[in-house]
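Right, one structure below, let's go through it.
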Amino acid sequence: MAFDPIVLFFLLGVIAGLAKSDLKIPAVVYEALSIYLLLAIGLKGGVELSKYPLAELVIPSVTILTTVMAIPVSAYLILRYGGKMNPYDAASIAAHYGSVSVVTYSVATASLAEQQVAYDDVMVVYLALLEMPAILLGVMLARIGEAGGVRAIRWGTLTHEVFFGKSILLLLGGLAIGLVAGEKGYASLAPVFKEGFKGALAFFLLEMGLVASIRIAAFRTYGPFLVVFAMAMPVAAAVWGMVVARWLDFSVGNTVLLATLFASASYIAAPAAMRIAVPKANPALSIGASLGVTFPFNLFVGIPFYSWLAQQWVR
Amino acid sequence: MAFDPIVLFFLLGVIAGLAKSDLKIPAVVYEALSIYLLLAIGLKGGVELSKYPLAELVIPSVTILTTVMAIPVSAYLILRYGGKMNPYDAASIAAHYGSVSVVTYSVATASLAEQQVAYDDVMVVYLALLEMPAILLGVMLARIGEAGGVRAIRWGTLTHEVFFGKSILLLLGGLAIGLVAGEKGYASLAPVFKEGFKGALAFFLLEMGLVASIRIAAFRTYGPFLVVFAMAMPVAAAVWGMVVARWLDFSVGNTVLLATLFASASYIAAPAAMRIAVPKANPALSIGASLGVTFPFNLFVGIPFYSWLAQQWVR
Amino acid sequence: MAFDPIVLFFLLGVIAGLAKSDLKIPAVVYEALSIYLLLAIGLKGGVELSKYPLAELVIPSVTILTTVMAIPVSAYLILRYGGKMNPYDAASIAAHYGSVSVVTYSVATASLAEQQVAYDDVMVVYLALLEMPAILLGVMLARIGEAGGVRAIRWGTLTHEVFFGKSILLLLGGLAIGLVAGEKGYASLAPVFKEGFKGALAFFLLEMGLVASIRIAAFRTYGPFLVVFAMAMPVAAAVWGMVVARWLDFSVGNTVLLATLFASASYIAAPAAMRIAVPKANPALSIGASLGVTFPFNLFVGIPFYSWLAQQWVR
Amino acid sequence: MKRFKLVTIICEAVLEDMIVKELDRLGIVGYTVSECRGRGTHGVRTGNWRLSTNVRIEVMVDEATSVAVRDALMRFDDDYGLLMFRSEVEVLN
Amino acid sequence: MKRFKLVTIICEAVLEDMIVKELDRLGIVGYTVSECRGRGTHGVRTGNWRLSTNVRIEVMVDEATSVAVRDALMRFDDDYGLLMFRSEVEVLN
Amino acid sequence: MKRFKLVTIICEAVLEDMIVKELDRLGIVGYTVSECRGRGTHGVRTGNWRLSTNVRIEVMVDEATSVAVRDALMRFDDDYGLLMFRSEVEVLN
Ligand SMILES: Nc1ncnc2c1ncn2[C@@H]1O[C@H](COP(=O)(O)O)[C@@H](O)[C@H]1O
Ligand SMILES: Nc1ncnc2c1ncn2[C@@H]1O[C@H](COP(=O)(O)O)[C@@H](O)[C@H]1O
Ligand SMILES: Nc1ncnc2c1ncn2[C@@H]1O[C@H](COP(=O)(O)O)[C@@H](O)[C@H]1O
Ligand code: NA
Ligand code: NA
Ligand code: NA
């Protein structure tokens, strides 16, 4: 149960933030790196997809898309009735946990590579698939019992967000380009988009540490219920992901990645979408839980644990 | 007649822009990447130049510099009298088409490498040489018939712009450093400036797609004459470039690059210079034509076509 | 006595700046690159440190930390009594020269690599150690004779600055991560943090040239005393550094690096700290001397000279 | 030199598109946007990633329109970090 | 606390150098520049590359000089995206 | 619509933290910061690295507090590039 040293960059960022160091990474670097990471994993997946029997993705995709919904639904119920949260916050947080985190996924792939456990880059297809459905569900949950209810949702805007939101667009765009380019076309892009990946991820984790430090420092304000939720939920979701992965006969590596996707909470697509679609939800709570608790939890405890567990289980 | 998958990054940017995606690439990333690209191709050319009999560049340089002038002059006449444009717009657009596009050139080199057609990096010398003369000519054309005429041009400012404008300075600076460094000094810079080139170009094309999307969407406002011009002119110029390349006994690869230089229209140096020197020209027209029509035309149709044509012809 | 072609990037930046070219590198690129450089040399040092008997660092560290103090003290005395400067400026400049420049150090390592002279990346430990003490001393010197004197110094704030200032934090953070990661963990980071180093340094030098050009152009306003000081001081400090390196039985490469550390003047940590701690010091003078004179002097004359001298001496 | 009102809106970056749509609806052509950060009743906005960035949107309009802008944007006031103020300016061109 | 005029100029980034030259000519030492984007009669300025970026140039001057600034910059008004307005400020230091 | 004073502080970026501390001390919650560059009696501030960058800090407060802000920041006036001015605004929300 070892963790990849790359997570230490996150720790360094957190320390800098908590210590009120003058280290500041400009927001544009954050933007540029997140575009890079999304494109890079999209491309890599697309290249692998070009050698892959696409039909084989159908059954897993449907299975995963169906089963994942258990996460936002149970999260909503737990928060709404267990945690006595208002429906907006419960729905918003549920959406974050139902969706996925690109960086958590990336760290899991890096950690598998470090441990020399094989996995398929095609898993990025599921990353792309899982990003939005839970967000849509979250929006619907937030409207239950509201005047107008689900019918008042502006589906046009939301659907637009689903397909043309930055992260989906770059993931799918990268996938498509990788698919067309194939191994041959990818070769000349590899120095930047493949070799450079881990270094860029390190830099990005440093920056995320700075951003997350404020959320981590404020953890008391989230209340003990949410803090416990933000650590128990990913573990439960990961186990659920492993069950699904077993049904689908995934390899150890792919099992770890699916578990990580289920366990991870969105901190890019979901916050932006919920801020617009469910303005009454308090973003401090959802981002605090996902970025301030779950993200570091997954990095330092979750991913090593899911790796260990999958290796026990699948063998 | 295949195109390099790298142009798909441009397409992705255009799609994101047209779909009003929230994908936004900060302007500073655009600036940084354009500095990188200019330096990188300068350096590469300089290294090759260090092994090159410099005297052999004189005749081609003079020939090319003379013959290229046919492009802005004919463009001016066509737009002024065929298209009935006012002298400012005609002169400004002529300057754009007489000058060159660094990214179009870069895509052509990438595409040649992909097809394993040899070319000389020394061609970047012509890229540097061709950037400014047409712009100067354009400024003069704009003054014909104006009060004060050509004599009213502030030559000091313009000459300064020629030699110390960002793109010339970085190209020439890169060339000079490459020349001094030679293969040996270049080796340690190669991971960034050579291996990283294509990935950076991909990123830059994505960004250019975003920028160009607004121009592409507005293509109706340019009028049919200008749209046709923006596709016919590059083809004509490319053919003219091939004729010149034949006179100079260029290899197939170099012929494609010269044709591409002739065909390409500036969207960095020319717009900036014309905005200052010919304020009465409408930048929406010149940038619209060069970036909104000619640039994508060259990427998707032009370069594959010039490659194909040169291979028929030179063989 | 050759210099590495990489210093030509600095020259290009200076030329662009002096010629008032429209080349502008956004400040965020400067920030991002400086973070990268600090992390990269920290990491590299940390990896080497993981294979190093740490106890062996104690004696050299103590020796170097003690002997380096001669630099700010003598600089203060020379400027205060020789140059008749006010105590604030004398102390502030002394602090700059007692501290170190990360980029000067980096150029020296690049230059040694180019000449194939071996050195230890562990030297970065001394880089980290030397950054702050002279700055603290400078603050104390500035208070001598002031109302309240040294007792009025806000030690809390200053100590915070020492350990959590950007450059120390990134250097030490990089060291620690490298130490934990070791060769194995470093391998996947190497494409960005090792292969990319020299290219990034080139880019950064270009930018520093632009920044420094204003300081270089203003050199007349510093007065002849300060200009001479800014060239004589590094040479004297370098010789002193070599003496210390001889005591410590350093290899040729390490001798050059220690000499360079002693000779270099800070232009990141010191200016920021002095601006806050000694507001009455004129930053134009200290930054002018360190960035406008000493930095280019070390690049073009100093490093080649220290290399040559060390090779004569140590052999 | 005509007198106008300059309406300055400082708010979460995520509101920009929605506010521009309101301006469109009011038939307002001109506006200016710049990036900023800050602190208010909704806490610190550090500007270190998009979700914590503010924008400043400025609209120079006549008095009546300035009231219309205010009325159109009040619906964001409850749920978002938002500050709106108005000052007197004279147009010079 | 002395009263001054704050002249705010919002224009295409390409004008910055030319405007600073005019300020120099008028003997004005102090000014402040920041980046912005926006929309006006010359269309949308998205700020996503230099050619579509605006700058805001602010000059705090006395009333007479504010008129001189206006007069000096009016020659750019025809050909460039440009907005100039003026407001009252009291200097505090 | 209540009348307030908008205090605008343009100064070296290095002062930001110290100024925010003063605002804290005065019990002021709201402020807005943005990046800028410029020229003044302390020379040109090009903004091309942090040491030559300015910030603009804006604080909307009542008249009495605006004086308190001024008084608290005057201690920076001697040693740092600093401009402070004040204008009238009406809050709209
Ligand atoms: N009193 C104030 N003075 C200046 N800016 C303010 C003030 N109050 C709020 N702001 C700005 O408006 C944003 C939103 O304010 P709020 O809705 O109070 O959180 C803050 O992030 C600040 O940038
Ligand atoms: N009414 C307005 N309110 C605020 N900013 C404006 C307004 N009109 C124009 N601007 C700004 O001034 C720039 C140039 O305006 P224009 O010359 O009308 O294109 C625009 O890009 C906007 O940033
Ligand atoms: N008259 C002025 N108008 C606008 N901005 C100014 C003026 N004077 C100074 N500034 C700004 O305030 C900063 C500090 O001014 P100073 O203390 O005079 O160097 C300058 O860098 C400018 O950004
Ligand atoms: Na999840
Ligand atoms: Na051309
Ligand atoms: Na030193």
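Residues are referred to by chain and number: the chain letter is A, B, ... according to the order shown in the structure tokens, the number counts from 1 in that chain, and ligands are numbered separately from 1 in the order shown.
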Using only C-alpha atoms and a distance of at most 7 Å, pull out the residues of chain E that contact chain B, as a PDB file with N, CA, C and O atoms, in the first residue's frame.
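Heads up, here's the output in iface02.pdb:
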```pdb
ATOM      1  N   GLY E  47     -10.525  39.596 -26.037  1.00  0.00           N
ATOM      2  CA  GLY E  47      -9.317  39.483 -25.228  1.00  0.00           C
ATOM      3  C   GLY E  47      -8.607  38.158 -25.361  1.00  0.00           C
ATOM      4  O   GLY E  47      -7.694  37.870 -24.595  1.00  0.00           O
ATOM      5  N   ASN E  48      -8.967  37.318 -26.349  1.00  0.00           N
ATOM      6  CA  ASN E  48      -8.278  36.029 -26.406  1.00  0.00           C
ATOM      7  C   ASN E  48      -6.990  36.025 -27.223  1.00  0.00           C
ATOM      8  O   ASN E  48      -6.288  35.030 -27.277  1.00  0.00           O
ATOM      9  N   TRP E  49      -6.680  37.114 -27.859  1.00  0.00           N
ATOM     10  CA  TRP E  49      -5.319  37.350 -28.354  1.00  0.00           C
ATOM     11  C   TRP E  49      -5.097  38.837 -28.387  1.00  0.00           C
ATOM     12  O   TRP E  49      -6.026  39.617 -28.220  1.00  0.00           O
ATOM     13  N   ASP E  79     -10.870  56.085 -36.110  1.00  0.00           N
ATOM     14  CA  ASP E  79     -10.383  54.830 -36.694  1.00  0.00           C
ATOM     15  C   ASP E  79     -10.275  53.680 -35.704  1.00  0.00           C
ATOM     16  O   ASP E  79     -10.085  52.533 -36.120  1.00  0.00           O
TER      17      ASP E  79
END
```
Residues within 10 Å of ligand 3, counting only C-alpha atoms and all ligand atoms, as a ChimeraX atom specification: /E:4-8,28-34,57-62,91,93 /F:9-12,36-47,52-56,76-85
Least-squares Cα fit of chain D to chain E, output as a CSV table (one decimal) with C-alpha atoms, in the first residue's frame:
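So the final result, stored in superposed.csv, reads:
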```csv
chain,number,residue,atom,x,y,z
D,1,MET,CA,-7.9,66.9,-0.3
D,2,LYS,CA,-7.5,68.3,-3.7
D,3,ARG,CA,-10.0,67.7,-6.4
D,4,PHE,CA,-8.8,66.2,-9.7
D,5,LYS,CA,-10.3,64.7,-12.8
D,6,LEU,CA,-9.8,61.1,-13.5
D,7,VAL,CA,-9.7,60.5,-17.3
D,8,THR,CA,-10.4,56.9,-18.2
D,9,ILE,CA,-9.6,55.7,-21.7
D,10,ILE,CA,-10.7,52.3,-22.9
D,11,CYS,CA,-9.3,51.4,-26.2
D,12,GLU,CA,-7.6,48.8,-28.5
D,13,ALA,CA,-4.3,47.6,-26.9
D,14,VAL,CA,-2.5,48.6,-30.0
D,15,LEU,CA,-3.1,52.3,-29.1
D,16,GLU,CA,-1.3,52.1,-25.8
D,17,ASP,CA,2.1,53.2,-27.0
D,18,MET,CA,0.7,56.0,-29.1
D,19,ILE,CA,-1.4,57.3,-26.2
D,20,VAL,CA,1.5,57.2,-23.8
D,21,LYS,CA,3.5,59.3,-26.4
D,22,GLU,CA,0.7,61.9,-26.3
D,23,LEU,CA,0.8,61.9,-22.5
D,24,ASP,CA,4.5,62.5,-22.7
D,25,ARG,CA,4.0,65.3,-25.1
D,26,LEU,CA,1.5,66.9,-22.7
D,27,GLY,CA,4.1,66.5,-19.9
D,28,ILE,CA,1.9,64.1,-17.9
D,29,VAL,CA,4.0,61.8,-15.7
D,30,GLY,CA,1.4,59.6,-14.0
D,31,TYR,CA,-0.9,57.1,-15.6
D,32,THR,CA,-2.1,53.6,-14.9
D,33,VAL,CA,-2.8,50.8,-17.4
D,34,SER,CA,-4.7,47.6,-17.0
D,35,GLU,CA,-6.0,44.9,-19.4
D,36,CYS,CA,-9.6,44.5,-20.3
D,37,ARG,CA,-12.0,43.3,-22.9
D,38,GLY,CA,-15.6,44.3,-23.9
D,39,ARG,CA,-18.0,45.3,-26.6
D,40,GLY,CA,-18.7,48.5,-28.3
D,41,THR,CA,-19.6,50.0,-31.7
D,42,HIS,CA,-16.5,48.3,-33.1
D,43,GLY,CA,-17.8,44.9,-32.1
D,44,VAL,CA,-16.8,42.3,-29.5
D,45,ARG,CA,-13.3,42.5,-28.1
D,46,THR,CA,-12.8,39.0,-26.6
D,47,GLY,CA,-9.3,39.5,-25.2
D,48,ASN,CA,-8.3,36.0,-26.4
D,49,TRP,CA,-5.3,37.3,-28.3
D,50,ARG,CA,-3.5,40.6,-28.4
D,51,LEU,CA,-5.4,41.9,-31.4
D,52,SER,CA,-8.7,41.6,-29.7
D,53,THR,CA,-7.6,43.0,-26.3
D,54,ASN,CA,-8.4,46.4,-24.9
D,55,VAL,CA,-6.5,48.4,-22.4
D,56,ARG,CA,-7.8,50.9,-19.8
D,57,ILE,CA,-5.6,53.9,-19.3
D,58,GLU,CA,-6.3,56.1,-16.4
D,59,VAL,CA,-4.9,59.5,-15.9
D,60,MET,CA,-5.5,61.7,-12.9
D,61,VAL,CA,-5.0,65.3,-13.9
D,62,ASP,CA,-6.4,68.8,-13.3
D,63,GLU,CA,-9.4,70.0,-15.3
D,64,ALA,CA,-7.5,71.9,-17.9
D,65,THR,CA,-5.2,69.0,-18.6
D,66,SER,CA,-8.1,66.6,-18.8
D,67,VAL,CA,-9.4,68.7,-21.7
D,68,ALA,CA,-5.9,68.7,-23.3
D,69,VAL,CA,-5.8,64.9,-23.0
D,70,ARG,CA,-9.2,64.6,-24.7
D,71,ASP,CA,-8.1,66.9,-27.5
D,72,ALA,CA,-4.9,65.0,-28.1
D,73,LEU,CA,-6.6,61.7,-28.3
D,74,MET,CA,-9.6,62.7,-30.4
D,75,ARG,CA,-7.6,61.9,-33.6
D,76,PHE,CA,-7.8,58.2,-32.7
D,77,ASP,CA,-11.6,58.4,-32.3
D,78,ASP,CA,-12.5,57.8,-36.0
D,79,ASP,CA,-10.4,54.8,-36.7
D,80,TYR,CA,-10.1,52.9,-33.5
D,81,GLY,CA,-12.3,51.4,-30.8
D,82,LEU,CA,-12.1,54.1,-28.1
D,83,LEU,CA,-14.1,55.3,-25.2
D,84,MET,CA,-13.1,58.3,-23.0
D,85,PHE,CA,-14.8,59.5,-20.0
D,86,ARG,CA,-14.0,61.7,-17.0
D,87,SER,CA,-15.0,61.7,-13.4
D,88,GLU,CA,-14.4,63.7,-10.2
D,89,VAL,CA,-11.9,62.4,-7.7
D,90,GLU,CA,-10.2,63.7,-4.5
D,91,VAL,CA,-6.6,62.8,-4.1
D,92,LEU,CA,-5.9,61.4,-0.6
D,93,ASN,CA,-2.1,61.4,-0.6
```
Nearby residues, ligand 4, 10 Å, only C-alpha atoms and all ligand atoms, as a PyMOL selection string: chain A and resi 68-69+71-72+94-101+127+130-131+134+233-234+237-238+241+258-266+290
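One finds atom CA of Leu38 of chain B at 22.3 Å from atom CA of Leu11 of chain B.
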Within 8 Å of chain B: residues of chain C, using only C-alpha atoms, as a VMD selection string: chain C and resid 4 to 5 8 to 9 12 16 19 to 23 25 to 26 28 to 29 114 195 to 196 198 to 200
How about saving the chosen residues, N, CA and C atoms kept, as a compact mmCIF listing (two decimals), in the first residue's frame?
```txt
# COMPACT_ATOMS: atom_id res chain seq x y z
N ASP C 4 28.49 29.25 -22.51
CA ASP C 4 27.43 28.41 -23.04
C ASP C 4 26.51 29.26 -23.94
N PRO C 5 26.17 28.75 -25.12
CA PRO C 5 25.30 29.56 -26.00
C PRO C 5 23.98 29.98 -25.35
N LEU C 8 23.07 33.54 -24.75
CA LEU C 8 22.64 34.39 -25.86
C LEU C 8 21.15 34.70 -25.81
N PHE C 9 20.39 33.83 -25.15
CA PHE C 9 18.97 34.12 -25.00
C PHE C 9 18.77 35.36 -24.14
N LEU C 12 19.53 38.28 -26.33
CA LEU C 12 18.40 38.55 -27.23
C LEU C 12 17.31 39.33 -26.50
N ALA C 16 16.02 43.05 -27.41
CA ALA C 16 14.59 43.34 -27.63
C ALA C 16 14.14 44.48 -26.72
N ALA C 19 15.80 47.85 -27.72
CA ALA C 19 15.29 48.32 -29.01
C ALA C 19 13.80 48.64 -28.95
N LYS C 20 13.23 48.53 -27.76
CA LYS C 20 11.79 48.76 -27.59
C LYS C 20 10.97 47.94 -28.58
N SER C 21 11.38 46.70 -28.75
CA SER C 21 10.60 45.76 -29.57
C SER C 21 9.24 45.54 -28.92
N ASP C 22 8.28 45.07 -29.70
CA ASP C 22 6.97 44.77 -29.11
C ASP C 22 6.95 43.38 -28.49
N LEU C 23 8.13 42.74 -28.42
CA LEU C 23 8.21 41.45 -27.72
C LEU C 23 7.97 41.67 -26.23
N ILE C 25 6.98 39.34 -22.76
CA ILE C 25 6.64 38.03 -22.21
C ILE C 25 5.79 38.27 -20.98
N PRO C 26 4.60 37.69 -20.96
CA PRO C 26 3.68 37.97 -19.85
C PRO C 26 4.30 37.60 -18.50
N VAL C 28 3.09 36.23 -16.03
CA VAL C 28 2.74 34.91 -15.51
C VAL C 28 3.68 33.84 -16.05
N VAL C 29 4.21 34.04 -17.25
CA VAL C 29 5.17 33.08 -17.79
C VAL C 29 6.44 33.14 -16.94
N GLU C 114 28.14 21.36 -20.36
CA GLU C 114 28.60 21.61 -21.73
C GLU C 114 30.10 21.30 -21.87
N GLU C 195 15.01 16.74 -18.69
CA GLU C 195 15.23 17.00 -20.12
C GLU C 195 14.81 18.41 -20.49
N GLY C 196 13.72 18.86 -19.88
CA GLY C 196 13.19 20.15 -20.24
C GLY C 196 13.93 21.32 -19.62
N LYS C 198 16.98 22.72 -19.65
CA LYS C 198 17.78 23.72 -20.37
C LYS C 198 16.92 24.58 -21.29
N GLY C 199 15.94 23.97 -21.93
CA GLY C 199 15.05 24.75 -22.78
C GLY C 199 14.28 25.78 -21.97
N ALA C 200 13.80 25.36 -20.80
CA ALA C 200 13.07 26.30 -19.95
C ALA C 200 13.98 27.41 -19.46
```
Alpha helix (DSSP H) positions in chain E, given as a ChimeraX atom specification: /E:16-25,63-73
Å distance separating atom CA of Arg80 of chain A from atom CA of Pro133 of chain A, one decimal place: 20.0 Å
As a PDB file with N, CA and C atoms, in the first residue's frame, please: the residues near Ile303 of chain A (cut-off 10 Å, only C-alpha atoms, same-chain neighbours under 4 positions excluded).
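Heads up, here's the output in part.pdb:
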```pdb
ATOM      1  N   MET A   1       0.822  -1.204   0.000  1.00  0.00           N
ATOM      2  CA  MET A   1       0.000   0.000   0.000  1.00  0.00           C
ATOM      3  C   MET A   1       0.860   1.260   0.000  1.00  0.00           C
ATOM      4  N   ALA A   2       1.577   1.420  -1.125  1.00  0.00           N
ATOM      5  CA  ALA A   2       2.468   2.579  -1.244  1.00  0.00           C
ATOM      6  C   ALA A   2       1.793   3.661  -2.070  1.00  0.00           C
ATOM      7  N   PHE A   3       2.140   4.914  -1.853  1.00  0.00           N
ATOM      8  CA  PHE A   3       1.609   5.939  -2.752  1.00  0.00           C
ATOM      9  C   PHE A   3       2.732   6.507  -3.610  1.00  0.00           C
ATOM     10  N   ASP A   4       2.330   6.982  -4.763  1.00  0.00           N
ATOM     11  CA  ASP A   4       3.252   7.546  -5.729  1.00  0.00           C
ATOM     12  C   ASP A   4       3.816   8.863  -5.170  1.00  0.00           C
ATOM     13  N   THR A 104      -7.659  12.872 -10.052  1.00  0.00           N
ATOM     14  CA  THR A 104      -7.628  11.659  -9.245  1.00  0.00           C
ATOM     15  C   THR A 104      -7.391  10.446 -10.152  1.00  0.00           C
ATOM     16  N   TYR A 105      -8.130  10.414 -11.265  1.00  0.00           N
ATOM     17  CA  TYR A 105      -7.938   9.351 -12.246  1.00  0.00           C
ATOM     18  C   TYR A 105      -6.486   9.313 -12.739  1.00  0.00           C
ATOM     19  N   VAL A 107      -3.779  10.417 -11.280  1.00  0.00           N
ATOM     20  CA  VAL A 107      -2.860   9.948 -10.244  1.00  0.00           C
ATOM     21  C   VAL A 107      -2.960   8.425 -10.114  1.00  0.00           C
ATOM     22  N   ALA A 108      -4.170   7.902 -10.261  1.00  0.00           N
ATOM     23  CA  ALA A 108      -4.317   6.446 -10.186  1.00  0.00           C
ATOM     24  C   ALA A 108      -3.560   5.763 -11.323  1.00  0.00           C
ATOM     25  N   THR A 109      -3.649   6.316 -12.538  1.00  0.00           N
ATOM     26  CA  THR A 109      -2.895   5.700 -13.638  1.00  0.00           C
ATOM     27  C   THR A 109      -1.396   5.790 -13.366  1.00  0.00           C
ATOM     28  N   SER A 111       0.053   5.888 -10.522  1.00  0.00           N
ATOM     29  CA  SER A 111       0.384   4.983  -9.440  1.00  0.00           C
ATOM     30  C   SER A 111       0.415   3.535  -9.935  1.00  0.00           C
ATOM     31  N   LEU A 112      -0.489   3.170 -10.845  1.00  0.00           N
ATOM     32  CA  LEU A 112      -0.463   1.824 -11.423  1.00  0.00           C
ATOM     33  C   LEU A 112       0.811   1.619 -12.235  1.00  0.00           C
ATOM     34  N   VAL A 235     -14.950   5.507  -0.223  1.00  0.00           N
ATOM     35  CA  VAL A 235     -14.618   4.100   0.023  1.00  0.00           C
ATOM     36  C   VAL A 235     -15.778   3.206  -0.399  1.00  0.00           C
ATOM     37  N   ALA A 238     -16.007   3.162  -4.112  1.00  0.00           N
ATOM     38  CA  ALA A 238     -14.923   2.375  -4.706  1.00  0.00           C
ATOM     39  C   ALA A 238     -15.256   0.896  -4.624  1.00  0.00           C
ATOM     40  N   VAL A 256      -8.989  -1.089 -10.520  1.00  0.00           N
ATOM     41  CA  VAL A 256      -8.551   0.035  -9.693  1.00  0.00           C
ATOM     42  C   VAL A 256      -9.038   1.352 -10.292  1.00  0.00           C
ATOM     43  N   LEU A 257      -8.932   1.467 -11.618  1.00  0.00           N
ATOM     44  CA  LEU A 257      -9.344   2.728 -12.243  1.00  0.00           C
ATOM     45  C   LEU A 257     -10.851   2.945 -12.124  1.00  0.00           C
ATOM     46  N   ALA A 259     -12.806   1.754  -9.796  1.00  0.00           N
ATOM     47  CA  ALA A 259     -13.029   2.075  -8.386  1.00  0.00           C
ATOM     48  C   ALA A 259     -12.680   3.531  -8.109  1.00  0.00           C
ATOM     49  N   THR A 260     -11.573   3.982  -8.661  1.00  0.00           N
ATOM     50  CA  THR A 260     -11.149   5.361  -8.451  1.00  0.00           C
ATOM     51  C   THR A 260     -12.133   6.346  -9.074  1.00  0.00           C
ATOM     52  N   ALA A 263     -15.036   6.500  -6.876  1.00  0.00           N
ATOM     53  CA  ALA A 263     -14.684   7.126  -5.592  1.00  0.00           C
ATOM     54  C   ALA A 263     -14.434   8.619  -5.704  1.00  0.00           C
ATOM     55  N   SER A 264     -13.987   9.050  -6.874  1.00  0.00           N
ATOM     56  CA  SER A 264     -13.541  10.435  -6.998  1.00  0.00           C
ATOM     57  C   SER A 264     -14.730  11.385  -7.076  1.00  0.00           C
ATOM     58  N   PHE A 297      -7.953  12.777   0.457  1.00  0.00           N
ATOM     59  CA  PHE A 297      -8.187  11.438   0.994  1.00  0.00           C
ATOM     60  C   PHE A 297      -7.909  10.390  -0.080  1.00  0.00           C
ATOM     61  N   ASN A 298      -8.448  10.586  -1.270  1.00  0.00           N
ATOM     62  CA  ASN A 298      -8.213   9.620  -2.342  1.00  0.00           C
ATOM     63  C   ASN A 298      -6.738   9.527  -2.699  1.00  0.00           C
ATOM     64  N   LEU A 299      -6.069  10.665  -2.749  1.00  0.00           N
ATOM     65  CA  LEU A 299      -4.658  10.670  -3.129  1.00  0.00           C
ATOM     66  C   LEU A 299      -3.809   9.872  -2.144  1.00  0.00           C
ATOM     67  N   SER A 307      -6.004   0.047  -4.690  1.00  0.00           N
ATOM     68  CA  SER A 307      -5.021  -0.790  -5.401  1.00  0.00           C
ATOM     69  C   SER A 307      -4.788  -2.086  -4.636  1.00  0.00           C
ATOM     70  N   TRP A 308      -4.602  -1.922  -3.355  1.00  0.00           N
ATOM     71  CA  TRP A 308      -4.337  -3.084  -2.516  1.00  0.00           C
ATOM     72  C   TRP A 308      -5.540  -4.030  -2.528  1.00  0.00           C
ATOM     73  N   LEU A 309      -6.707  -3.427  -2.328  1.00  0.00           N
ATOM     74  CA  LEU A 309      -7.919  -4.234  -2.256  1.00  0.00           C
ATOM     75  C   LEU A 309      -8.168  -4.984  -3.567  1.00  0.00           C
TER      76      LEU A 309
END
```
Expected answer as JSON, numbers by chain: strand (DSSP E or B) residues in chain F: {"F": [3, 4, 5, 6, 7, 8, 9, 10, 11, 12, 31, 32, 33, 34, 35, 36, 37, 38, 39, 40, 43, 44, 45, 54, 55, 56, 57, 58, 59, 60, 61, 82, 83, 84, 85, 86, 87, 88, 89, 90, 91]}
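For the pair atom CA of Pro60 of chain A and atom CA of Asp249 of chain A, the interatomic distance is 9.7 Å.
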Residue with smallest distance to ligand 6 - pool C:Ala270, C:Leu206, C:Leu226, C:Leu248, counting only C-alpha atoms and all ligand atoms: C:Ala270
Surrounding residues of Ala70 of chain B excluding itself and chain neighbours under 3 positions, 10 Å, only C-alpha atoms, as an MDAnalysis selection string: chainID B and resid 65:67 73:76 98 134 237 240
Residues within 12 Å of Val58 of chain C, only C-alpha atoms, excluding chain neighbours under 3 positions, as JSON, numbers by chain: {"C": [53, 54, 55, 61, 62, 63, 64, 65, 125, 126, 129, 248]}
Long-range neighbours of Val124 of chain B as a list in words, 7 Å cut-off, only C-alpha atoms, 6 positions minimum in chain: Ile41, Gly42 and Gly45 of chain B
